[in-house]
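Encoded as structure tokens, the structure appears first; notes follow it.
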Amino acid sequence: MDQSAKRVFVGITGASGAVYGIALVRALLRAGTEVVLCVSESGAKVLRLEMDFELDYRAPDPDALFPGHGGRVIAFPPDRVEAPVSSGSYRTDAAAICPCSMGTLSGVAHGASGNLIERVADVMLKEGRPLVLVPREAPYSLVHLRNMTLAAEAGAAVVPASPGFYHRPKTIEDLVGHVVQKVTDRLGVRLELVDRWGGGG
Ligand SMILES: Cc1cc2nc3c(=O)[nH]c(=O)nc-3n(C[C@H](O)[C@H](O)[C@H](O)COP(=O)(O)O)c2cc1C
């Protein structure tokens with residue numbers, strides 16, 4: 001059995017698909033994982049536009065987003081680059097940026113560390129710890145594809161927000177769960193959110 005990650009950083013950026021980020025945090029909490037959360041300014045905008053979630057990205061309140069988290073979610077604004085999670089000496093077992101905008105993908109691929117989300121990604125890569133990027137754009141330009149290649153070459157797992165259909169999804173939750181399960185698998189967190197392929201015929 002995989003080693004379960006104990007503390008996972010989740011960055012939610014301004015790509016469409018905020019629901020993936022929220023579902024990921026909920027799934028991690030269900031697995032008993034501690035979550036360090038950071039939502040970018042655009043991420044907060046998309047949360048409001050897509051899910052009616054009101055979040056002040058400068059003072060994120062985990063109680064409002066994840067009631068009942070029991071102190072297992074701590075949140076930082078994106079400019080808090082001095083947060084503990086910004087250092088490789090702090091034990092963050094893995095990180096995911098979900099969804100990951102093309103802007104943040106670029107920052108990660110080029111080591112910009114321009115905010116806390118990009119910095120944590122940089123730390124994961126330099127420390128050789130799991131980093132999962134969940135990009136969402138359509139179509140991808142050559143710039144996007146090259147940045148994904150750079151990130152993958154540096155050690156990131158690129159898990160696109162592209163759900164499969166072989167588990168016969170019936171609800172949006174089933175589709176979201178398929179992507180989230182791919183992410184938790186790469187984070188090293190064992191969860192069974194949707195049926196896995198057991199062979200056809
Ligand atoms: C409703 C909405 C949907 C968006 N969808 C995407 C998207 O799917 N992919 C993407 O790369 N950017 C998307 N954007 C644009 C990003 O939010 C924008 O580039 C932003 O600067 C990214 O900043 P961040 O990476 O700090 O969150 C969207 C913006 C809005 C308002």
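If you're wondering about the labels, chains in the structure tokens are A, B, ... by order shown, residues count from 1 in each chain, ligands from 1 in order shown.
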
List every residue of chain A that has an atom at most 10 Å from any atom of ligand 1, and for each one report the closest atom pair and its distance in Å to one decimal, counting only C-alpha atoms and all ligand atoms, with rows sorted by chain and then by increasing residue number, as a tab-separated table.
```
residue	atom	partner	partner_atom_place_in_ligand_line	distance
A:Gly11	CA	ligand 1	27 (O)	9.1
A:Ile12	CA	ligand 1	27 (O)	7.2
A:Thr13	CA	ligand 1	27 (O)	3.6
A:Gly14	CA	ligand 1	17 (O)	3.5
A:Ala15	CA	ligand 1	7 (C)	3.5
A:Ser16	CA	ligand 1	8 (O)	3.9
A:Gly17	CA	ligand 1	8 (O)	7.0
A:Ala18	CA	ligand 1	3 (C)	9.2
A:Val39	CA	ligand 1	27 (O)	7.7
A:Ser40	CA	ligand 1	27 (O)	4.9
A:Glu41	CA	ligand 1	27 (O)	6.1
A:Ser42	CA	ligand 1	27 (O)	4.3
A:Gly43	CA	ligand 1	27 (O)	4.9
A:Ala44	CA	ligand 1	27 (O)	8.2
A:Lys45	CA	ligand 1	31 (C)	6.2
A:Val46	CA	ligand 1	1 (C)	5.0
A:Leu47	CA	ligand 1	1 (C)	8.5
A:Arg48	CA	ligand 1	1 (C)	8.9
A:Leu49	CA	ligand 1	1 (C)	6.2
A:Glu50	CA	ligand 1	1 (C)	7.1
A:Pro78	CA	ligand 1	26 (O)	8.6
A:Ile97	CA	ligand 1	25 (O)	9.7
A:Pro99	CA	ligand 1	8 (O)	8.2
A:Cys100	CA	ligand 1	25 (O)	6.7
A:Ser101	CA	ligand 1	11 (O)	3.5
A:Met102	CA	ligand 1	11 (O)	3.7
A:Gly103	CA	ligand 1	25 (O)	4.6
A:Thr104	CA	ligand 1	25 (O)	4.1
A:Leu105	CA	ligand 1	25 (O)	7.4
A:Ser106	CA	ligand 1	25 (O)	8.8
A:Gly107	CA	ligand 1	25 (O)	8.4
A:Gly114	CA	ligand 1	26 (O)	9.3
A:Asn115	CA	ligand 1	26 (O)	8.3
A:Ile117	CA	ligand 1	26 (O)	8.5
A:Glu118	CA	ligand 1	25 (O)	9.0
A:Pro135	CA	ligand 1	11 (O)	7.3
A:Arg136	CA	ligand 1	8 (O)	4.8
A:Glu137	CA	ligand 1	9 (N)	4.4
A:Ala138	CA	ligand 1	8 (O)	7.3
A:Pro139	CA	ligand 1	9 (N)	9.8
A:Tyr140	CA	ligand 1	11 (O)	9.3
A:His144	CA	ligand 1	11 (O)	8.9
A:Ala161	CA	ligand 1	8 (O)	9.7
```

Write the residues of the preceding selection, restricted to N, CA and C atoms, as a short mmCIF file (atom, residue, chain, number, x, y, z; two decimals), in the first residue's frame.
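What ended up in part_38.cif:
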```
data_model
loop_
_atom_site.label_atom_id
_atom_site.label_comp_id
_atom_site.auth_asym_id
_atom_site.auth_seq_id
_atom_site.Cartn_x
_atom_site.Cartn_y
_atom_site.Cartn_z
N GLY A 11 -3.05 24.57 -4.20
CA GLY A 11 -3.19 25.90 -4.77
C GLY A 11 -4.36 25.88 -5.74
N ILE A 12 -5.26 26.83 -5.59
CA ILE A 12 -6.40 26.95 -6.52
C ILE A 12 -6.20 28.24 -7.31
N THR A 13 -6.01 28.11 -8.61
CA THR A 13 -5.75 29.29 -9.43
C THR A 13 -6.94 29.56 -10.37
N GLY A 14 -6.77 30.57 -11.21
CA GLY A 14 -7.92 31.11 -11.94
C GLY A 14 -8.27 30.43 -13.24
N ALA A 15 -7.99 29.13 -13.38
CA ALA A 15 -8.50 28.40 -14.54
C ALA A 15 -9.93 27.97 -14.24
N SER A 16 -10.69 27.76 -15.29
CA SER A 16 -12.03 27.23 -15.11
C SER A 16 -11.93 25.85 -14.44
N GLY A 17 -12.93 25.51 -13.63
CA GLY A 17 -12.89 24.20 -12.95
C GLY A 17 -12.53 24.34 -11.48
N ALA A 18 -12.99 25.43 -10.86
CA ALA A 18 -12.76 25.60 -9.42
C ALA A 18 -13.30 24.40 -8.64
N VAL A 39 -5.38 30.33 -2.41
CA VAL A 39 -6.22 30.62 -3.57
C VAL A 39 -5.74 31.94 -4.17
N SER A 40 -5.45 31.92 -5.47
CA SER A 40 -4.99 33.16 -6.11
C SER A 40 -6.16 34.14 -6.25
N GLU A 41 -5.83 35.38 -6.55
CA GLU A 41 -6.89 36.39 -6.73
C GLU A 41 -7.87 35.94 -7.82
N SER A 42 -7.32 35.46 -8.94
CA SER A 42 -8.21 35.00 -10.02
C SER A 42 -8.93 33.72 -9.63
N GLY A 43 -8.26 32.90 -8.83
CA GLY A 43 -8.91 31.68 -8.34
C GLY A 43 -10.16 32.04 -7.54
N ALA A 44 -10.06 33.06 -6.70
CA ALA A 44 -11.21 33.49 -5.91
C ALA A 44 -12.32 34.02 -6.81
N LYS A 45 -11.89 34.71 -7.88
CA LYS A 45 -12.88 35.24 -8.84
C LYS A 45 -13.65 34.09 -9.50
N VAL A 46 -12.92 33.08 -9.91
CA VAL A 46 -13.57 31.95 -10.59
C VAL A 46 -14.43 31.15 -9.61
N LEU A 47 -13.99 31.04 -8.36
CA LEU A 47 -14.82 30.38 -7.34
C LEU A 47 -16.18 31.07 -7.22
N ARG A 48 -16.15 32.40 -7.27
CA ARG A 48 -17.41 33.14 -7.17
C ARG A 48 -18.25 32.96 -8.43
N LEU A 49 -17.58 33.07 -9.60
CA LEU A 49 -18.34 33.01 -10.86
C LEU A 49 -18.90 31.62 -11.14
N GLU A 50 -18.15 30.58 -10.75
CA GLU A 50 -18.58 29.22 -11.09
C GLU A 50 -19.36 28.53 -9.98
N PRO A 78 -1.93 34.61 -1.29
CA PRO A 78 -0.84 34.31 -2.23
C PRO A 78 0.41 35.18 -2.05
N ILE A 97 -1.64 21.89 -7.76
CA ILE A 97 -2.25 23.15 -8.20
C ILE A 97 -3.43 22.75 -9.06
N PRO A 99 -7.54 23.91 -9.99
CA PRO A 99 -7.00 23.85 -11.34
C PRO A 99 -5.79 24.76 -11.47
N CYS A 100 -5.02 24.52 -12.51
CA CYS A 100 -3.81 25.31 -12.75
C CYS A 100 -3.99 26.13 -14.02
N SER A 101 -3.97 27.45 -13.86
CA SER A 101 -4.10 28.34 -15.03
C SER A 101 -2.83 28.28 -15.86
N MET A 102 -2.94 28.74 -17.09
CA MET A 102 -1.76 28.78 -17.96
C MET A 102 -0.75 29.80 -17.45
N GLY A 103 -1.23 30.83 -16.76
CA GLY A 103 -0.32 31.80 -16.17
C GLY A 103 0.52 31.18 -15.07
N THR A 104 -0.14 30.46 -14.16
CA THR A 104 0.61 29.81 -13.08
C THR A 104 1.48 28.69 -13.62
N LEU A 105 0.98 27.96 -14.62
CA LEU A 105 1.81 26.92 -15.25
C LEU A 105 3.11 27.53 -15.75
N SER A 106 3.01 28.70 -16.39
CA SER A 106 4.21 29.37 -16.91
C SER A 106 5.16 29.71 -15.76
N GLY A 107 4.59 30.24 -14.69
CA GLY A 107 5.42 30.61 -13.54
C GLY A 107 6.12 29.39 -12.95
N GLY A 114 6.68 33.65 -8.20
CA GLY A 114 6.13 35.00 -8.08
C GLY A 114 5.08 35.17 -6.99
N ASN A 115 4.59 34.08 -6.45
CA ASN A 115 3.64 34.15 -5.33
C ASN A 115 3.78 32.84 -4.55
N ILE A 117 1.91 30.22 -4.33
CA ILE A 117 1.59 28.99 -5.08
C ILE A 117 2.78 28.57 -5.95
N GLU A 118 3.31 29.53 -6.69
CA GLU A 118 4.47 29.21 -7.54
C GLU A 118 5.69 28.83 -6.70
N PRO A 135 -3.79 21.33 -15.29
CA PRO A 135 -4.04 22.44 -16.21
C PRO A 135 -5.42 22.36 -16.85
N ARG A 136 -5.96 23.52 -17.18
CA ARG A 136 -7.25 23.57 -17.90
C ARG A 136 -7.21 24.74 -18.87
N GLU A 137 -7.22 24.40 -20.11
CA GLU A 137 -7.37 25.38 -21.19
C GLU A 137 -7.76 24.61 -22.44
N ALA A 138 -8.38 25.27 -23.38
CA ALA A 138 -8.71 24.61 -24.64
C ALA A 138 -8.88 25.67 -25.73
N PRO A 139 -8.21 25.53 -26.84
CA PRO A 139 -7.15 24.56 -27.08
C PRO A 139 -5.86 25.01 -26.39
N TYR A 140 -4.89 24.11 -26.32
CA TYR A 140 -3.58 24.48 -25.80
C TYR A 140 -2.76 25.11 -26.92
N HIS A 144 1.67 26.79 -24.11
CA HIS A 144 1.14 25.96 -23.01
C HIS A 144 1.77 24.57 -23.04
N ALA A 161 -7.33 18.32 -16.52
CA ALA A 161 -8.73 18.24 -16.10
C ALA A 161 -9.54 17.63 -17.23
#
```

Shell around A:Pro60 at 10 Å using only C-alpha atoms, local window under 4 positions removed, as a ChimeraX atom specification: /A:37-39,44,54-56,64-65,74-78

Requested write-out: all heavy atoms of the selected residues, as a compact mmCIF listing (two decimals), in the first residue's frame:
```txt
# COMPACT_ATOMS: atom_id res chain seq x y z
N LEU A 37 -3.77 25.57 2.21
CA LEU A 37 -4.50 26.07 1.04
C LEU A 37 -4.07 27.48 0.67
O LEU A 37 -3.84 28.33 1.54
CB LEU A 37 -6.00 26.07 1.37
CG LEU A 37 -6.97 26.62 0.31
CD1 LEU A 37 -7.04 25.68 -0.89
CD2 LEU A 37 -8.36 26.82 0.91
N CYS A 38 -4.00 27.74 -0.63
CA CYS A 38 -3.77 29.10 -1.12
C CYS A 38 -4.59 29.28 -2.38
O CYS A 38 -4.51 28.47 -3.31
CB CYS A 38 -2.28 29.34 -1.39
SG CYS A 38 -1.92 31.03 -1.91
N VAL A 39 -5.38 30.33 -2.41
CA VAL A 39 -6.22 30.62 -3.57
C VAL A 39 -5.74 31.94 -4.17
O VAL A 39 -5.59 32.94 -3.46
CB VAL A 39 -7.71 30.75 -3.16
CG1 VAL A 39 -8.59 31.04 -4.37
CG2 VAL A 39 -8.18 29.46 -2.45
N ALA A 44 -10.06 33.06 -6.70
CA ALA A 44 -11.21 33.49 -5.91
C ALA A 44 -12.32 34.02 -6.81
O ALA A 44 -13.51 33.78 -6.58
CB ALA A 44 -10.78 34.54 -4.90
N GLU A 54 -17.91 32.83 -1.94
CA GLU A 54 -17.29 34.13 -1.68
C GLU A 54 -16.05 33.90 -0.83
O GLU A 54 -16.13 33.35 0.26
CB GLU A 54 -18.27 35.05 -0.93
CG GLU A 54 -19.46 35.51 -1.76
CD GLU A 54 -19.07 36.40 -2.94
OE1 GLU A 54 -17.96 36.96 -2.96
OE2 GLU A 54 -19.89 36.49 -3.87
N LEU A 55 -14.90 34.27 -1.35
CA LEU A 55 -13.66 34.09 -0.60
C LEU A 55 -12.80 35.32 -0.76
O LEU A 55 -12.53 35.75 -1.88
CB LEU A 55 -12.91 32.86 -1.14
CG LEU A 55 -11.55 32.63 -0.50
CD1 LEU A 55 -11.67 31.73 0.71
CD2 LEU A 55 -10.56 32.03 -1.49
N ASP A 56 -12.40 35.90 0.36
CA ASP A 56 -11.45 37.00 0.31
C ASP A 56 -10.06 36.37 0.22
O ASP A 56 -9.56 35.86 1.23
CB ASP A 56 -11.59 37.88 1.56
CG ASP A 56 -10.62 39.06 1.53
OD1 ASP A 56 -9.78 39.12 0.59
OD2 ASP A 56 -10.67 39.88 2.45
N ALA A 64 -15.29 28.98 6.36
CA ALA A 64 -16.37 29.30 5.44
C ALA A 64 -16.37 28.32 4.25
O ALA A 64 -17.42 27.91 3.77
CB ALA A 64 -16.21 30.74 4.94
N LEU A 65 -15.18 27.96 3.80
CA LEU A 65 -15.09 27.07 2.62
C LEU A 65 -15.30 25.61 2.98
O LEU A 65 -15.91 24.86 2.23
CB LEU A 65 -13.71 27.22 1.98
CG LEU A 65 -13.48 28.35 0.99
CD1 LEU A 65 -12.07 28.27 0.45
CD2 LEU A 65 -14.48 28.30 -0.15
N ILE A 74 -5.38 24.95 6.83
CA ILE A 74 -4.88 26.29 7.12
C ILE A 74 -4.68 26.98 5.78
O ILE A 74 -4.29 26.34 4.79
CB ILE A 74 -3.59 26.30 7.96
CG1 ILE A 74 -2.55 25.32 7.42
CG2 ILE A 74 -3.87 26.00 9.41
CD1 ILE A 74 -1.22 25.45 8.13
N ALA A 75 -5.00 28.27 5.75
CA ALA A 75 -4.99 28.97 4.47
C ALA A 75 -4.13 30.22 4.55
O ALA A 75 -4.08 30.89 5.59
CB ALA A 75 -6.42 29.32 4.06
N PHE A 76 -3.47 30.51 3.44
CA PHE A 76 -2.62 31.69 3.36
C PHE A 76 -2.95 32.46 2.09
O PHE A 76 -3.28 31.86 1.07
CB PHE A 76 -1.13 31.29 3.30
CG PHE A 76 -0.63 30.63 4.55
CD1 PHE A 76 -0.51 29.25 4.62
CD2 PHE A 76 -0.28 31.40 5.65
CE1 PHE A 76 -0.05 28.64 5.77
CE2 PHE A 76 0.18 30.78 6.82
CZ PHE A 76 0.30 29.41 6.87
N PRO A 77 -2.82 33.79 2.14
CA PRO A 77 -2.98 34.57 0.91
C PRO A 77 -1.77 34.37 0.01
O PRO A 77 -0.68 34.03 0.49
CB PRO A 77 -3.07 36.01 1.41
CG PRO A 77 -2.45 36.01 2.76
CD PRO A 77 -2.56 34.63 3.32
N PRO A 78 -1.93 34.61 -1.29
CA PRO A 78 -0.84 34.31 -2.23
C PRO A 78 0.41 35.18 -2.05
O PRO A 78 1.49 34.79 -2.49
CB PRO A 78 -1.47 34.54 -3.61
CG PRO A 78 -2.82 35.09 -3.39
CD PRO A 78 -3.20 34.92 -1.97
```

Strand (DSSP E) residues, from DSSP on the backbone, in stretch 90-170 of chain A, as a list in words: Ala94, Ala95, Ala96, Ile97, Cys98, Pro99, Cys100, Leu131, Val132, Leu133, Val134, Pro135, Ala157 and Val158 of chain A

Same residues, N, CA, C and O atoms, saved as a short mmCIF file (atom, residue, chain, number, x, y, z; two decimals), in the first residue's frame:
```cif
data_model
loop_
_atom_site.label_atom_id
_atom_site.label_comp_id
_atom_site.auth_asym_id
_atom_site.auth_seq_id
_atom_site.Cartn_x
_atom_site.Cartn_y
_atom_site.Cartn_z
N ALA A 94 3.49 16.84 -0.25
CA ALA A 94 3.17 16.88 -1.68
C ALA A 94 2.36 18.15 -1.94
O ALA A 94 1.85 18.76 -0.99
N ALA A 95 2.25 18.51 -3.21
CA ALA A 95 1.47 19.71 -3.55
C ALA A 95 0.72 19.49 -4.85
O ALA A 95 1.17 18.74 -5.73
N ALA A 96 -0.44 20.14 -4.94
CA ALA A 96 -1.21 20.12 -6.18
C ALA A 96 -1.66 21.54 -6.50
O ALA A 96 -2.00 22.29 -5.58
N ILE A 97 -1.64 21.89 -7.76
CA ILE A 97 -2.25 23.15 -8.20
C ILE A 97 -3.43 22.75 -9.06
O ILE A 97 -3.27 22.18 -10.14
N CYS A 98 -4.62 23.01 -8.54
CA CYS A 98 -5.83 22.39 -9.08
C CYS A 98 -7.03 23.32 -8.94
O CYS A 98 -7.50 23.48 -7.81
N PRO A 99 -7.54 23.91 -9.99
CA PRO A 99 -7.00 23.85 -11.34
C PRO A 99 -5.79 24.76 -11.47
O PRO A 99 -5.60 25.67 -10.67
N CYS A 100 -5.02 24.52 -12.51
CA CYS A 100 -3.81 25.31 -12.75
C CYS A 100 -3.99 26.13 -14.02
O CYS A 100 -4.16 25.58 -15.10
N LEU A 131 4.65 16.89 -7.09
CA LEU A 131 3.93 18.11 -7.49
C LEU A 131 2.99 17.71 -8.62
O LEU A 131 3.43 17.17 -9.63
N VAL A 132 1.71 17.98 -8.43
CA VAL A 132 0.71 17.63 -9.43
C VAL A 132 0.09 18.92 -9.97
O VAL A 132 -0.39 19.75 -9.19
N LEU A 133 0.13 19.07 -11.27
CA LEU A 133 -0.49 20.23 -11.91
C LEU A 133 -1.73 19.76 -12.66
O LEU A 133 -1.68 18.75 -13.36
N VAL A 134 -2.82 20.50 -12.49
CA VAL A 134 -4.08 20.14 -13.17
C VAL A 134 -4.44 21.29 -14.11
O VAL A 134 -5.26 22.16 -13.78
N PRO A 135 -3.79 21.33 -15.29
CA PRO A 135 -4.04 22.44 -16.21
C PRO A 135 -5.42 22.36 -16.85
O PRO A 135 -5.97 21.27 -17.04
N ALA A 157 3.93 16.08 -12.17
CA ALA A 157 2.96 15.23 -12.86
C ALA A 157 1.89 16.15 -13.44
O ALA A 157 1.32 16.98 -12.72
N VAL A 158 1.68 16.05 -14.73
CA VAL A 158 0.65 16.87 -15.38
C VAL A 158 -0.60 16.01 -15.53
O VAL A 158 -0.61 15.05 -16.30
#
```

Contacts of A:Asp93 at 10 Å (only C-alpha atoms; same-chain gap of 3+ positions) as a PyMOL selection string: chain A and resi 4-9+90+124+129-131+187-188

Distance query A:Ala27 at most 10 Å, only C-alpha atoms, self and fewer than 2 positions along chain excluded, as JSON, numbers by chain: {"A": [21, 22, 23, 24, 25, 29, 30, 31, 32, 33, 177, 180, 181, 184, 189, 191, 192, 193]}

For N, CA and C atoms, I'd like the residues from the last selection saved as a tab-separated table (two decimals), in the first residue's frame.
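And here is the file that came out, out_30.tsv:
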```tsv
chain	number	residue	atom	x	y	z
A	21	GLY	N	-10.76	21.89	-7.50
A	21	GLY	CA	-9.96	22.25	-6.33
A	21	GLY	C	-10.71	22.02	-5.04
A	22	ILE	N	-11.97	22.42	-5.03
A	22	ILE	CA	-12.79	22.24	-3.82
A	22	ILE	C	-12.97	20.74	-3.53
A	23	ALA	N	-13.26	19.98	-4.59
A	23	ALA	CA	-13.45	18.53	-4.41
A	23	ALA	C	-12.16	17.87	-3.94
A	24	LEU	N	-11.02	18.36	-4.43
A	24	LEU	CA	-9.74	17.79	-4.00
A	24	LEU	C	-9.52	18.01	-2.51
A	25	VAL	N	-9.76	19.24	-2.05
A	25	VAL	CA	-9.57	19.50	-0.61
A	25	VAL	C	-10.51	18.63	0.21
A	29	LEU	N	-9.37	15.83	3.00
A	29	LEU	CA	-9.84	15.85	4.39
A	29	LEU	C	-10.44	14.51	4.75
A	30	ARG	N	-11.18	13.92	3.80
A	30	ARG	CA	-11.78	12.61	4.06
A	30	ARG	C	-10.70	11.56	4.33
A	31	ALA	N	-9.54	11.75	3.72
A	31	ALA	CA	-8.43	10.80	3.91
A	31	ALA	C	-7.63	11.11	5.17
A	32	GLY	N	-8.04	12.13	5.91
A	32	GLY	CA	-7.33	12.47	7.14
A	32	GLY	C	-6.10	13.32	6.93
A	33	THR	N	-5.99	13.90	5.75
A	33	THR	CA	-4.80	14.70	5.41
A	33	THR	C	-4.97	16.14	5.89
A	177	GLY	N	-14.85	13.55	-9.69
A	177	GLY	CA	-14.19	12.52	-8.87
A	177	GLY	C	-13.15	11.74	-9.64
A	180	VAL	N	-10.12	13.98	-9.68
A	180	VAL	CA	-9.56	14.13	-8.33
A	180	VAL	C	-8.86	12.84	-7.90
A	181	GLN	N	-9.42	11.70	-8.27
A	181	GLN	CA	-8.79	10.43	-7.91
A	181	GLN	C	-7.43	10.27	-8.61
A	184	THR	N	-5.14	12.47	-6.46
A	184	THR	CA	-4.77	11.89	-5.15
A	184	THR	C	-3.85	10.69	-5.35
A	189	VAL	N	-1.97	9.68	-1.88
A	189	VAL	CA	-3.07	9.58	-0.90
A	189	VAL	C	-4.06	8.55	-1.43
A	191	LEU	N	-7.35	6.85	-1.94
A	191	LEU	CA	-8.78	7.15	-1.83
A	191	LEU	C	-9.52	6.41	-2.93
A	192	GLU	N	-10.73	5.99	-2.65
A	192	GLU	CA	-11.57	5.35	-3.67
A	192	GLU	C	-12.79	6.24	-3.87
A	193	LEU	N	-12.70	7.13	-4.85
A	193	LEU	CA	-13.79	8.09	-5.07
A	193	LEU	C	-14.75	7.60	-6.14
```

Atom pair atom CA of A:Arg146 / atom CA of A:Val36: separation (Å):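 Atom-to-atom, atom CA of A:Arg146 to atom CA of A:Val36, that is 28.7 Å.
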
Separation of atom CA of A:Glu34 from atom CA of A:Val73 in Å: 6.1 Å

Distance of atom CA of A:Asp122 from atom CA of A:Ala154, expressed in Å to one decimal place: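 Taking atom CA of A:Ala154 as the start and atom CA of A:Asp122 as the end point, the length is 9.7 Å.
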